[in-house]
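So this one's input-v8.cif, mmCIF, C-alpha atoms and all ligand atoms:
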```cif
data_coords
#
loop_
_atom_site.label_atom_id
_atom_site.label_comp_id
_atom_site.auth_asym_id
_atom_site.auth_seq_id
_atom_site.Cartn_x
_atom_site.Cartn_y
_atom_site.Cartn_z
CA MET A 120 -19.08 5.06 -23.83
CA ARG A 121 -15.48 3.96 -23.66
CA LYS A 122 -14.50 0.62 -25.13
CA CYS A 123 -11.96 -1.90 -23.91
CA TYR A 124 -8.65 -1.44 -25.68
CA LYS A 125 -8.30 -5.21 -25.98
CA CYS A 126 -11.72 -6.60 -26.89
CA GLY A 127 -13.92 -3.62 -27.79
CA GLN A 128 -16.55 -4.47 -25.17
CA LYS A 129 -17.86 -1.81 -22.79
CA ALA A 130 -14.99 -0.65 -20.60
CA THR A 131 -15.37 -0.49 -16.82
CA VAL A 132 -12.03 1.09 -16.06
CA TYR A 133 -10.32 4.11 -17.62
CA LEU A 134 -6.69 4.93 -16.82
CA PRO A 135 -6.04 8.60 -17.69
CA GLN A 136 -2.26 8.41 -17.20
CA HIS A 137 -2.04 5.61 -19.77
CA ARG A 138 -4.99 6.84 -21.87
CA ILE A 139 -6.32 3.31 -21.91
CA ALA A 140 -9.69 1.75 -21.05
CA PHE A 141 -10.35 -1.88 -20.14
CA CYS A 142 -13.16 -4.29 -19.41
CA LYS A 143 -12.88 -6.23 -16.14
CA GLU A 144 -11.12 -9.25 -17.62
CA HIS A 145 -8.58 -7.24 -19.56
CA TYR A 146 -7.86 -4.88 -16.68
CA ILE A 147 -6.85 -7.88 -14.57
CA GLU A 148 -4.73 -9.14 -17.44
CA TRP A 149 -3.06 -5.71 -17.87
CA TYR A 150 -2.41 -5.43 -14.13
CA LEU A 151 -0.77 -8.86 -13.83
CA LYS A 152 1.39 -8.25 -16.88
CA ARG A 153 2.55 -4.92 -15.47
CA VAL A 154 3.42 -6.50 -12.11
CA GLU A 155 5.53 -9.10 -13.87
CA GLU A 156 7.21 -6.47 -16.06
CA THR A 157 8.08 -4.39 -13.00
CA ILE A 158 9.59 -7.43 -11.25
CA LYS A 159 11.72 -8.06 -14.34
CA GLU A 160 12.60 -4.42 -15.02
CA PHE A 161 14.12 -3.99 -11.56
CA ARG A 162 15.39 -7.58 -11.32
CA MET A 163 13.49 -8.14 -8.10
CA PHE A 164 13.31 -11.94 -8.01
CA GLY A 165 12.71 -15.01 -10.15
CA LYS A 166 10.17 -17.82 -10.27
CA GLY A 167 12.31 -20.13 -8.12
CA ASP A 168 13.02 -17.62 -5.33
CA ARG A 169 11.19 -17.86 -2.04
CA VAL A 170 9.39 -14.57 -1.46
CA LEU A 171 7.91 -13.33 1.81
CA VAL A 172 5.07 -10.85 1.22
CA ALA A 173 4.50 -8.42 4.08
CA VAL A 174 0.69 -8.22 4.28
CA SER A 175 -1.43 -5.82 6.29
CA GLY A 176 -4.91 -6.84 5.15
CA GLY A 177 -5.20 -3.69 3.03
CA LYS A 178 -5.75 -3.47 -0.73
CA ASP A 179 -2.11 -2.97 -1.77
CA SER A 180 -0.44 -5.87 0.00
CA LEU A 181 -3.27 -8.33 -0.71
CA SER A 182 -3.38 -7.31 -4.38
CA LEU A 183 0.37 -7.89 -4.52
CA TRP A 184 0.10 -11.33 -2.91
CA ASP A 185 -2.78 -12.25 -5.23
CA ALA A 186 -0.83 -11.13 -8.30
CA LEU A 187 2.30 -13.06 -7.27
CA TYR A 188 0.17 -16.15 -6.65
CA ARG A 189 -1.55 -15.88 -10.03
CA LEU A 190 1.76 -15.27 -11.79
CA GLY A 191 3.17 -18.48 -10.31
CA TYR A 192 5.72 -17.04 -7.89
CA ASP A 193 6.61 -18.85 -4.68
CA ALA A 194 5.17 -16.33 -2.23
CA ASP A 195 4.15 -16.81 1.41
CA GLY A 196 2.53 -14.13 3.56
CA PHE A 197 3.77 -12.49 6.75
CA TYR A 198 1.28 -10.64 8.91
CA ILE A 199 2.29 -8.66 11.98
CA ASN A 200 -0.53 -8.24 14.47
CA LEU A 201 0.12 -4.79 15.96
CA GLY A 202 -2.40 -5.18 18.78
CA ILE A 203 -4.55 -2.25 17.63
CA GLY A 204 -7.93 -3.50 18.89
CA GLU A 205 -10.65 -4.30 16.37
CA TYR A 206 -8.58 -2.95 13.48
CA SER A 207 -5.87 -5.59 14.00
CA LYS A 208 -8.45 -8.36 14.51
CA ARG A 209 -10.22 -7.50 11.28
CA SER A 210 -6.98 -7.21 9.29
CA GLN A 211 -5.63 -10.52 10.55
CA LEU A 212 -8.93 -12.19 9.69
CA ALA A 213 -8.82 -10.73 6.17
CA CYS A 214 -5.30 -12.10 5.65
CA GLU A 215 -6.21 -15.52 7.03
CA LYS A 216 -9.31 -15.75 4.87
CA PHE A 217 -7.33 -14.68 1.81
CA ALA A 218 -4.66 -17.32 2.43
CA ASN A 219 -7.20 -20.08 3.15
CA GLN A 220 -9.20 -19.41 0.00
CA ARG A 221 -6.05 -19.83 -2.10
CA GLY A 222 -4.31 -22.50 -0.08
CA LEU A 223 -1.38 -20.19 0.70
CA VAL A 224 0.93 -20.13 3.71
CA LEU A 225 0.48 -17.19 6.10
CA HIS A 226 2.80 -16.59 9.04
CA VAL A 227 1.35 -14.53 11.87
CA PHE A 228 3.61 -12.60 14.21
CA GLU A 229 2.32 -10.92 17.36
CA LEU A 230 4.06 -7.69 18.25
CA GLU A 231 2.51 -7.67 21.72
CA LYS A 232 4.31 -10.92 22.59
CA ALA A 233 7.65 -9.80 21.17
CA VAL A 234 7.70 -6.18 22.40
CA ALA A 235 4.37 -4.52 23.22
CA SER A 236 1.26 -3.47 21.30
CA VAL A 237 1.35 -0.26 19.24
CA PRO A 238 -1.12 1.52 21.59
CA ALA A 239 1.08 0.58 24.59
CA LEU A 240 4.21 1.78 22.77
CA LYS A 241 2.49 5.04 21.85
CA GLU A 242 2.19 5.74 25.60
CA LEU A 243 5.96 5.37 25.97
CA GLU A 244 7.26 7.03 22.83
CA ASN A 245 7.12 10.68 21.88
CA ARG A 246 7.43 9.97 18.16
CA PRO A 247 4.49 9.41 15.80
CA ALA A 248 3.25 5.80 15.92
CA CYS A 249 4.03 5.29 12.20
CA SER A 250 7.69 5.98 12.93
CA PHE A 251 8.36 3.21 15.46
CA CYS A 252 5.74 0.93 13.91
CA GLY A 253 7.51 1.05 10.54
CA GLN A 254 10.84 0.41 12.21
CA LEU A 255 9.49 -2.62 14.11
CA LYS A 256 7.80 -4.03 11.02
CA ARG A 257 11.02 -3.78 8.99
CA TYR A 258 13.06 -5.36 11.79
CA TYR A 259 10.80 -8.36 12.40
CA THR A 260 10.03 -8.98 8.73
CA ASN A 261 13.74 -9.02 7.93
CA LYS A 262 14.59 -11.21 10.92
CA PHE A 263 11.81 -13.68 10.15
CA ALA A 264 12.75 -13.88 6.46
CA LYS A 265 16.38 -14.62 7.32
CA GLU A 266 15.52 -17.27 9.89
CA ARG A 267 13.12 -19.06 7.54
CA GLY A 268 15.30 -18.87 4.46
CA TYR A 269 13.31 -16.40 2.34
CA LYS A 270 15.41 -14.68 -0.27
CA VAL A 271 13.28 -11.58 -0.69
CA VAL A 272 10.77 -9.51 1.27
CA ALA A 273 8.11 -7.90 -0.93
CA THR A 274 5.94 -5.00 0.25
CA GLY A 275 2.85 -3.40 -1.29
CA HIS A 276 4.19 0.17 -1.51
CA ASN A 277 2.53 1.92 -4.44
CA LEU A 278 3.22 4.91 -6.66
CA ASP A 279 1.33 7.26 -4.34
CA ASP A 280 3.33 6.10 -1.31
CA GLU A 281 6.60 6.52 -3.19
CA THR A 282 5.82 9.93 -4.71
CA ALA A 283 4.52 11.25 -1.37
CA VAL A 284 7.81 10.22 0.29
CA LEU A 285 9.79 11.57 -2.65
CA LEU A 286 8.03 14.93 -2.43
CA SER A 287 8.61 15.18 1.28
CA ASN A 288 12.28 14.21 0.89
CA VAL A 289 12.73 16.77 -1.86
CA LEU A 290 10.97 19.53 0.10
CA SER A 291 13.54 19.17 2.86
CA TRP A 292 16.39 17.91 0.64
CA GLN A 293 16.94 14.75 2.63
CA MET A 294 19.86 13.61 0.51
CA ASP A 295 20.51 10.46 2.47
CA TYR A 296 16.88 9.32 2.32
CA LEU A 297 16.77 10.19 -1.38
CA SER A 298 19.82 8.09 -2.11
CA ARG A 299 18.15 5.09 -0.51
CA GLN A 300 14.70 5.50 -2.08
CA SER A 301 14.47 2.61 -4.50
CA PRO A 302 12.11 -0.19 -5.61
CA VAL A 303 14.90 -2.65 -4.77
CA LEU A 304 17.15 -2.59 -1.72
CA SER A 305 19.92 -5.13 -2.12
CA GLU A 306 20.66 -7.81 0.42
CA GLY A 307 23.81 -7.84 2.51
CA GLU A 308 25.12 -7.16 6.01
CA GLY A 309 22.27 -8.93 7.76
CA PHE A 310 19.57 -7.65 5.44
CA VAL A 311 17.38 -9.67 3.11
CA ARG A 312 16.60 -8.04 -0.25
CA ARG A 313 13.54 -5.76 -0.09
CA VAL A 314 11.40 -5.09 -3.15
CA LYS A 315 8.30 -3.08 -4.06
CA PRO A 316 6.68 -4.65 -7.14
CA LEU A 317 3.71 -2.22 -7.11
CA VAL A 318 5.69 1.03 -7.43
CA LYS A 319 4.26 1.67 -10.89
CA PHE A 320 0.63 1.40 -9.75
CA SER A 321 -1.39 4.19 -8.23
CA GLU A 322 -3.45 3.43 -5.15
CA LYS A 323 -6.56 3.64 -7.29
CA GLU A 324 -5.18 1.07 -9.73
CA ASN A 325 -4.56 -1.29 -6.81
CA ALA A 326 -8.03 -0.63 -5.36
CA LEU A 327 -9.55 -1.31 -8.80
CA TYR A 328 -7.64 -4.56 -9.05
CA ALA A 329 -8.66 -5.61 -5.53
CA PHE A 330 -12.30 -4.85 -6.34
CA LEU A 331 -12.35 -6.58 -9.72
CA ALA A 332 -10.37 -9.60 -8.49
CA LYS A 333 -12.85 -9.87 -5.58
CA ILE A 334 -10.23 -9.56 -2.88
CA GLU A 335 -11.82 -8.98 0.52
CA TYR A 336 -9.53 -6.39 2.03
CA VAL A 337 -9.90 -4.09 5.02
CA GLU A 338 -10.94 -0.65 3.86
CA GLU A 339 -10.66 0.84 7.32
CA GLU A 340 -7.64 3.02 7.97
CA CYS A 341 -5.24 2.30 10.82
CA PRO A 342 -6.48 4.61 13.62
CA PHE A 343 -2.89 5.71 14.29
CA ALA A 344 -2.28 6.77 10.69
CA GLU A 345 -4.99 9.43 10.76
CA GLY A 346 -3.70 12.90 10.06
CA ALA A 347 -0.43 11.52 8.69
CA SER A 348 1.39 14.11 6.59
CA SER A 349 1.70 11.58 3.76
CA ILE A 350 -2.06 11.91 3.13
CA GLU A 351 -1.66 15.67 2.59
CA HIS A 352 1.18 15.08 0.16
CA LYS A 353 -0.88 12.48 -1.66
CA LYS A 354 -3.78 14.88 -2.05
CA LEU A 355 -1.50 17.61 -3.35
CA LEU A 356 0.01 15.28 -5.91
CA SER A 357 -3.43 14.09 -6.96
CA LEU A 358 -4.35 17.69 -7.82
CA LEU A 359 -1.36 17.85 -10.16
CA GLU A 360 -2.18 14.45 -11.56
CA GLU A 361 -5.75 15.49 -12.33
CA LYS A 362 -4.58 18.52 -14.29
CA SER A 363 -1.83 16.61 -16.01
CA PRO A 364 -2.21 12.81 -16.00
CA GLY A 365 1.06 10.92 -15.77
CA THR A 366 2.78 13.46 -13.50
CA LYS A 367 3.31 11.05 -10.59
CA LEU A 368 4.71 8.25 -12.70
CA ARG A 369 7.06 10.69 -14.47
CA PHE A 370 8.15 12.31 -11.18
CA TYR A 371 9.06 8.92 -9.72
CA MET A 372 10.51 7.17 -12.77
CA ASP A 373 12.60 10.17 -13.79
CA PHE A 374 13.88 10.46 -10.25
CA LEU A 375 15.07 6.85 -10.50
CA ARG A 376 16.49 7.32 -14.00
CA ARG A 377 18.05 10.77 -13.79
CA MET A 378 18.53 11.81 -10.21
CA ARG A 379 19.21 8.74 -8.13
CA PRO A 380 22.35 7.65 -10.05
CA MET A 381 23.89 11.01 -9.14
CA LEU A 382 23.34 10.47 -5.44
CA LYS A 383 25.83 8.57 -3.40
CA ALA A 384 24.53 6.67 -0.42
CA GLU A 385 26.31 7.63 2.75
CA GLN A 386 28.54 4.74 3.73
CA VAL A 387 27.57 3.69 7.21
CA ALA A 388 29.45 0.96 9.02
CA LEU A 389 27.08 -1.68 10.31
CA ARG A 390 27.77 -4.25 12.98
CA PRO A 391 25.70 -6.84 14.82
CA CYS A 392 23.67 -5.55 17.78
CA SER A 393 25.29 -6.78 21.00
CA LEU A 394 21.92 -8.01 22.27
CA CYS A 395 20.09 -9.50 19.27
CA GLY A 396 22.72 -9.72 16.55
CA GLU A 397 20.72 -7.75 13.98
CA PRO A 398 22.62 -5.13 11.96
CA THR A 399 22.92 -1.70 13.56
CA THR A 400 25.14 1.38 13.50
CA GLY A 401 25.53 1.54 17.27
CA GLU A 402 26.27 -0.90 20.05
CA VAL A 403 22.62 -1.81 20.67
CA CYS A 404 19.99 -1.64 17.90
CA SER A 405 16.98 0.67 18.11
CA VAL A 406 14.54 -2.22 18.60
CA CYS A 407 16.51 -3.59 21.57
CA ARG A 408 16.67 -0.10 23.04
CA LEU A 409 12.91 0.20 22.63
CA LYS A 410 12.49 -3.15 24.38
CA GLU A 411 14.63 -1.89 27.26
CA ARG A 412 12.35 1.14 27.64
CA VAL A 413 9.30 -1.17 27.65
CA ALA A 414 10.90 -3.36 30.35
CA LYS A 415 11.77 -0.34 32.47
CA ALA A 416 8.26 1.11 32.16
CA SER A 417 6.56 -2.13 33.14
CA LEU A 418 8.94 -2.46 36.10
CA SER A 419 8.18 1.00 37.39
CA SER A 420 4.43 0.60 36.92
CA SER A 421 4.19 -2.73 38.69
CA PRO A 422 3.59 -2.47 42.47
CA SER A 423 6.75 -2.92 44.56
CA SER A 424 6.76 -5.75 47.04
CA MET B 96 -33.08 13.46 -5.69
CA LYS B 97 -31.59 11.25 -3.03
CA VAL B 98 -28.88 8.63 -3.11
CA ARG B 99 -27.71 6.26 -0.42
CA VAL B 100 -23.98 5.81 -0.25
CA PHE B 101 -22.06 3.07 1.47
CA TYR B 102 -18.70 4.57 2.35
CA LYS B 103 -15.95 3.29 4.67
CA GLY B 104 -18.23 0.93 6.55
CA SER B 105 -21.23 3.19 7.03
CA LEU B 106 -24.28 4.17 5.06
CA LYS B 107 -25.16 7.80 4.48
CA GLU B 108 -27.79 9.63 2.50
CA LEU B 109 -27.01 12.48 0.15
CA GLU B 110 -29.53 14.89 -1.33
CA PHE B 111 -29.13 16.80 -4.57
CA GLU B 112 -31.08 19.83 -5.81
CA LYS B 113 -30.83 18.91 -9.47
CA GLU B 114 -32.38 15.85 -11.08
CA LYS B 115 -29.49 14.82 -13.34
CA VAL B 116 -26.69 13.74 -11.06
CA ARG B 117 -23.60 12.06 -12.41
CA VAL B 118 -20.90 9.98 -10.74
CA SER B 119 -18.53 12.95 -10.88
CA ASP B 120 -21.12 15.12 -9.06
CA LEU B 121 -21.44 12.52 -6.33
CA LEU B 122 -17.70 12.33 -5.79
CA MET B 123 -17.44 16.11 -5.72
CA ALA B 124 -20.25 16.36 -3.18
CA MET B 125 -18.29 13.98 -0.97
CA GLY B 126 -15.10 15.99 -1.36
CA LEU B 127 -13.39 13.21 -3.29
CA SER B 128 -11.54 13.20 -6.59
CA PRO B 129 -11.92 10.61 -9.37
CA GLU B 130 -8.13 10.54 -9.28
CA TYR B 131 -8.24 8.35 -6.17
CA ALA B 132 -11.90 7.38 -5.65
CA PHE B 133 -14.53 5.48 -7.60
CA VAL B 134 -18.19 4.56 -7.43
CA VAL B 135 -19.59 1.05 -7.56
CA ARG B 136 -23.12 -0.18 -8.39
CA GLY B 137 -23.45 -3.82 -7.43
CA GLU B 138 -20.54 -5.49 -9.19
CA ASP B 139 -19.90 -2.68 -11.66
CA ILE B 140 -17.54 0.26 -11.51
CA LEU B 141 -19.32 3.30 -12.87
CA PRO B 142 -17.72 5.71 -15.35
CA GLU B 143 -17.53 9.34 -14.21
CA GLY B 144 -20.23 10.45 -16.64
CA GLU B 145 -22.78 7.81 -15.59
CA LEU B 146 -26.16 9.11 -14.40
CA ILE B 147 -27.24 8.14 -10.92
CA LYS B 148 -30.79 6.89 -10.36
CA ASP B 149 -33.02 8.47 -7.74
CA GLY B 150 -33.03 6.51 -4.49
CA GLU B 151 -30.42 3.96 -5.49
CA GLU B 152 -27.71 2.57 -3.23
CA LEU B 153 -24.09 2.89 -4.31
CA ARG B 154 -20.72 2.13 -2.83
CA VAL B 155 -17.88 4.64 -2.89
CA ILE B 156 -14.30 3.44 -2.58
CA ASN B 157 -11.54 5.85 -1.62
CA ALA B 158 -8.12 4.44 -2.46
CA ILE B 159 -6.00 6.96 -0.53
CA SER B 160 -4.43 5.64 2.62
CA GLY B 161 -1.94 6.92 5.13
CA GLY B 162 1.21 5.29 6.35
ZN ZN A 501 -11.74 -6.40 -22.80
ZN ZN A 502 19.15 -5.61 18.85
#
```
What does this structure look like when you write it as structure tokens?
Amino acid sequence: MRKCYKCGQKATVYLPQHRIAFCKEHYIEWYLKRVEETIKEFRMFGKGDRVLVAVSGGKDSLSLWDALYRLGYDADGFYINLGIGEYSKRSQLACEKFANQRGLVLHVFELEKAVASVPALKELENRPACSFCGQLKRYYTNKFAKERGYKVVATGHNLDDETAVLLSNVLSWQMDYLSRQSPVLSEGEGFVRRVKPLVKFSEKENALYAFLAKIEYVEEECPFAEGASSIEHKKLLSLLEEKSPGTKLRFYMDFLRRMRPMLKAEQVALRPCSLCGEPTTGEVCSVCRLKERVAKASLSSSPSS
Amino acid sequence: MKVRVFYKGSLKELEFEKEKVRVSDLLMAMGLSPEYAFVVRGEDILPEGELIKDGEELRVINAISGG
């Protein structure tokens, strides 16, 4: 039987990559401390800054919001309803319940009203849903944060998300993506600062926290994410991790320490979109172009008079 | 022996030939790794070496997600 590193009681959680075991209480304590250390290590934000947490109803983003709340940060939630049937209903409910139980502010944004639902967009677009969905989420989260005076947008990306992306970027030597892969993206040119305070936690560590902190999250996977290549990369990395605990954390942290400083981000000139004013490289931003395609499609499908 | 497993919103029954079944055997039978999944009995997270009781109901949580 393993014993808690802190109190010597029976441990419920063992973390092979840290070679440490904890009881419930001390796991929560360890987790919160590590979140705070990560925020400080990468200078993400301070106690007085207004933070907007992008929440999906899943374990990562709700664990992040819970941790920020417990640590005394000024953090409100932002939920984008993607219009994906029961999945979106359940996720929104989970976020609302979470916020109500803690007396926190949750902003709800409906993609269907602003553009179209993800299933409707999937009919129009040839790309994978995760591609345009991610783009829309970034756009509206950034826009909302700016309009409401939030200094930072925080997302629940974890170590598995980051290493899966890193692996895929390395496999195809996407130098430009690699140069921009970071736990902190600075503000400027129409962008609010974006941070990922959970980059040092594996998905399992977040799921353990969510379970032990009694967070009611949606376990169900987004139906459009099924078969995503990131899951394959995650499983591959987990095989390495099992054989040699600590591999993922080393892969990611050493990339940030040793490799990233050698990469120079491509300097792209940004200017305000002529339609919405958000930063873009072209004349019209990709979200406005998407909206134009939606308008055209609904025009051609409606009966002519 | 049999064990009932609550996994991703549905309940399924698993049967094992041997009598001594551990948490790690259960995960393996479900094609999951302890690297990203864990087993829960009531309010407790079970260590990998824990023996499973015949006929009991457990919850399995898989932390891997797409996106
Ligand atoms: Zn303890
Ligand atoms: Zn625009």
- Residues of chain A within 7 Å of chain B, counting only C-alpha atoms, as a PyMOL selection string: chain A and resi 131+249+322-323+326+338-340+344-345+347+349-350+357+361
Residue selection dump (C-alpha atoms) as a tab-separated table (two decimals), in the coordinates of the input:
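Okay, part_7.tsv is ready:
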```
chain	number	residue	atom	x	y	z
A	131	THR	CA	-15.37	-0.49	-16.82
A	249	CYS	CA	4.03	5.29	12.20
A	322	GLU	CA	-3.45	3.43	-5.15
A	323	LYS	CA	-6.56	3.64	-7.29
A	326	ALA	CA	-8.03	-0.63	-5.36
A	338	GLU	CA	-10.94	-0.65	3.86
A	339	GLU	CA	-10.66	0.84	7.32
A	340	GLU	CA	-7.64	3.02	7.97
A	344	ALA	CA	-2.28	6.77	10.69
A	345	GLU	CA	-4.99	9.43	10.76
A	347	ALA	CA	-0.43	11.52	8.69
A	349	SER	CA	1.70	11.58	3.76
A	350	ILE	CA	-2.06	11.91	3.13
A	357	SER	CA	-3.43	14.09	-6.96
A	361	GLU	CA	-5.75	15.49	-12.33
```
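Distances here use only C-alpha atoms and all ligand atoms; by that measure, the residue among A:Leu225, A:Leu418, A:Cys407, A:Ile139 closest to ligand ZN 502 (chain A) is A:Cys407.
For ligand ZN 502 (chain A), the neighbouring polymer residues at 8 Å or closer are Pro391, Cys392, Ser393, Leu394, Cys395, Gly396, Glu397, Pro398, Thr399, Val403, Cys404, Ser405, Val406, Cys407 and Arg408 of chain A, only C-alpha atoms and all ligand atoms being used.
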- Message: Calculated over all atoms listed in the file, which of the candidates A:Val132, A:Met163, A:Leu171, A:Ala273 has the smallest distance to ligand ZN 501 (chain A)?
- Response: A:Val132
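Interatomic distance, CA of Ser182 in chain A to CA of Lys122 in chain A: 24.8 Å.
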Expected answer as a PDB file with C-alpha atoms, in the coordinates of the input: residues within 12 Å of ligand ZN 501 (chain A), all atoms listed in the file:
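The file below, result12.pdb, is the result:
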```pdb
ATOM      1  CA  ARG A 121     -15.480   3.960 -23.660  1.00  0.00           C
ATOM      2  CA  LYS A 122     -14.500   0.620 -25.130  1.00  0.00           C
ATOM      3  CA  CYS A 123     -11.960  -1.900 -23.910  1.00  0.00           C
ATOM      4  CA  TYR A 124      -8.650  -1.440 -25.680  1.00  0.00           C
ATOM      5  CA  LYS A 125      -8.300  -5.210 -25.980  1.00  0.00           C
ATOM      6  CA  CYS A 126     -11.720  -6.600 -26.890  1.00  0.00           C
ATOM      7  CA  GLY A 127     -13.920  -3.620 -27.790  1.00  0.00           C
ATOM      8  CA  GLN A 128     -16.550  -4.470 -25.170  1.00  0.00           C
ATOM      9  CA  LYS A 129     -17.860  -1.810 -22.790  1.00  0.00           C
ATOM     10  CA  ALA A 130     -14.990  -0.650 -20.600  1.00  0.00           C
ATOM     11  CA  THR A 131     -15.370  -0.490 -16.820  1.00  0.00           C
ATOM     12  CA  VAL A 132     -12.030   1.090 -16.060  1.00  0.00           C
ATOM     13  CA  TYR A 133     -10.320   4.110 -17.620  1.00  0.00           C
ATOM     14  CA  ILE A 139      -6.320   3.310 -21.910  1.00  0.00           C
ATOM     15  CA  ALA A 140      -9.690   1.750 -21.050  1.00  0.00           C
ATOM     16  CA  PHE A 141     -10.350  -1.880 -20.140  1.00  0.00           C
ATOM     17  CA  CYS A 142     -13.160  -4.290 -19.410  1.00  0.00           C
ATOM     18  CA  LYS A 143     -12.880  -6.230 -16.140  1.00  0.00           C
ATOM     19  CA  GLU A 144     -11.120  -9.250 -17.620  1.00  0.00           C
ATOM     20  CA  HIS A 145      -8.580  -7.240 -19.560  1.00  0.00           C
ATOM     21  CA  TYR A 146      -7.860  -4.880 -16.680  1.00  0.00           C
ATOM     22  CA  ILE A 147      -6.850  -7.880 -14.570  1.00  0.00           C
ATOM     23  CA  GLU A 148      -4.730  -9.140 -17.440  1.00  0.00           C
ATOM     24  CA  TRP A 149      -3.060  -5.710 -17.870  1.00  0.00           C
TER      25      TRP A 149
END
```
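Going from CA of Thr282 in chain A over to CA of Lys367 in chain A, you cover 6.5 Å.
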- Note on the structure: CA of Val337 in chain A to CA of Leu153 in chain B measures 18.4 Å
- Task: Kindly provide, as a PyMOL selection string, the polymer residues lying within 10 Å of (8.4, 6.1, 26.6), counting all atoms listed in the file and using the coordinates exactly as they appear in the file.
- Result: chain A and resi 239-246+409+412-413+415-416
Residues just named, written with C-alpha atoms as an mmCIF file, in the coordinates of the input:
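Contents of the output file result-v9.cif:
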```cif
data_model
loop_
_atom_site.group_PDB
_atom_site.id
_atom_site.type_symbol
_atom_site.label_atom_id
_atom_site.label_comp_id
_atom_site.auth_asym_id
_atom_site.auth_seq_id
_atom_site.Cartn_x
_atom_site.Cartn_y
_atom_site.Cartn_z
ATOM 1 C CA ALA A 239 1.080 0.580 24.590
ATOM 2 C CA LEU A 240 4.210 1.780 22.770
ATOM 3 C CA LYS A 241 2.490 5.040 21.850
ATOM 4 C CA GLU A 242 2.190 5.740 25.600
ATOM 5 C CA LEU A 243 5.960 5.370 25.970
ATOM 6 C CA GLU A 244 7.260 7.030 22.830
ATOM 7 C CA ASN A 245 7.120 10.680 21.880
ATOM 8 C CA ARG A 246 7.430 9.970 18.160
ATOM 9 C CA LEU A 409 12.910 0.200 22.630
ATOM 10 C CA ARG A 412 12.350 1.140 27.640
ATOM 11 C CA VAL A 413 9.300 -1.170 27.650
ATOM 12 C CA LYS A 415 11.770 -0.340 32.470
ATOM 13 C CA ALA A 416 8.260 1.110 32.160
#
```
Which residues of range 154-173 of chain A come within 9 Å of range 185-204 of chain A, and what is each one's closest atom pair and distance in Å (one decimal), counting only C-alpha atoms, sorted by chain and residue number, as a tab-separated table?
```
residue	atom	partner	partner_atom	distance
A:Val154	CA	A:Ala186	CA	7.3
A:Glu155	CA	A:Leu190	CA	7.5
A:Gly165	CA	A:Tyr192	CA	7.6
A:Lys166	CA	A:Tyr192	CA	5.1
A:Gly167	CA	A:Asp193	CA	6.8
A:Asp168	CA	A:Asp193	CA	6.6
A:Arg169	CA	A:Asp193	CA	5.4
A:Val170	CA	A:Ala194	CA	4.6
A:Leu171	CA	A:Asp195	CA	5.1
A:Val172	CA	A:Gly196	CA	4.8
A:Ala173	CA	A:Phe197	CA	4.9
```
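Proximity to Val311 in chain A at 12 Å, evaluated using all atoms listed in the file and with sequence-adjacent residues fewer than 4 positions away removed, yields Met163, Arg169, Val170, Leu171, Arg257, Tyr258, Tyr259, Thr260, Asn261, Lys262, Phe263, Ala264, Lys265, Glu266, Arg267, Gly268, Tyr269, Lys270, Val271, Val272, Ala273, Val303, Leu304, Ser305, Glu306, Gly307, Glu397 and Pro398 of chain A.
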Go through range 179-279 of chain A residue by residue and, counting only C-alpha atoms, keep those with an atom at most 8 Å from range 314-317 of chain A; for each kept residue give the shortest atom pair and its distance in Å to one decimal, ordered by chain and increasing number, as CSV.
```
residue,atom,partner,partner_atom,distance
A:Asp179,CA,A:Leu317,CA,7.9
A:Leu183,CA,A:Leu317,CA,7.1
A:Val271,CA,A:Val314,CA,7.2
A:Val272,CA,A:Val314,CA,6.3
A:Ala273,CA,A:Val314,CA,4.9
A:Thr274,CA,A:Lys315,CA,5.3
A:Gly275,CA,A:Leu317,CA,6.0
A:His276,CA,A:Lys315,CA,5.8
A:Asn277,CA,A:Leu317,CA,5.1
A:Leu278,CA,A:Leu317,CA,7.2
```
- Item | Spatial neighbours of Ile147 in chain B, 7 Å, all atoms listed in the file, chain gap at least 6 places, as JSON, numbers by chain | {"B": [116, 117, 118]}
- Item | 12 Å contact set for Asp295 in chain A, all atoms listed in the file, chain neighbours under 5 positions out, as a PyMOL selection string | chain A and resi 285+288-289+300+379+382-387
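Minimum distance to Ser236 in chain A across A:Ser298, A:Ser419, A:Ser287, A:Ser207 (counting all atoms listed in the file) occurs at A:Ser207.
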- Message: Measuring between all atoms listed in the file, which one of A:Leu151, A:Leu331, A:Arg313, A:Cys341 shows the shortest distance to Trp184 in chain A?
- Response: A:Leu151
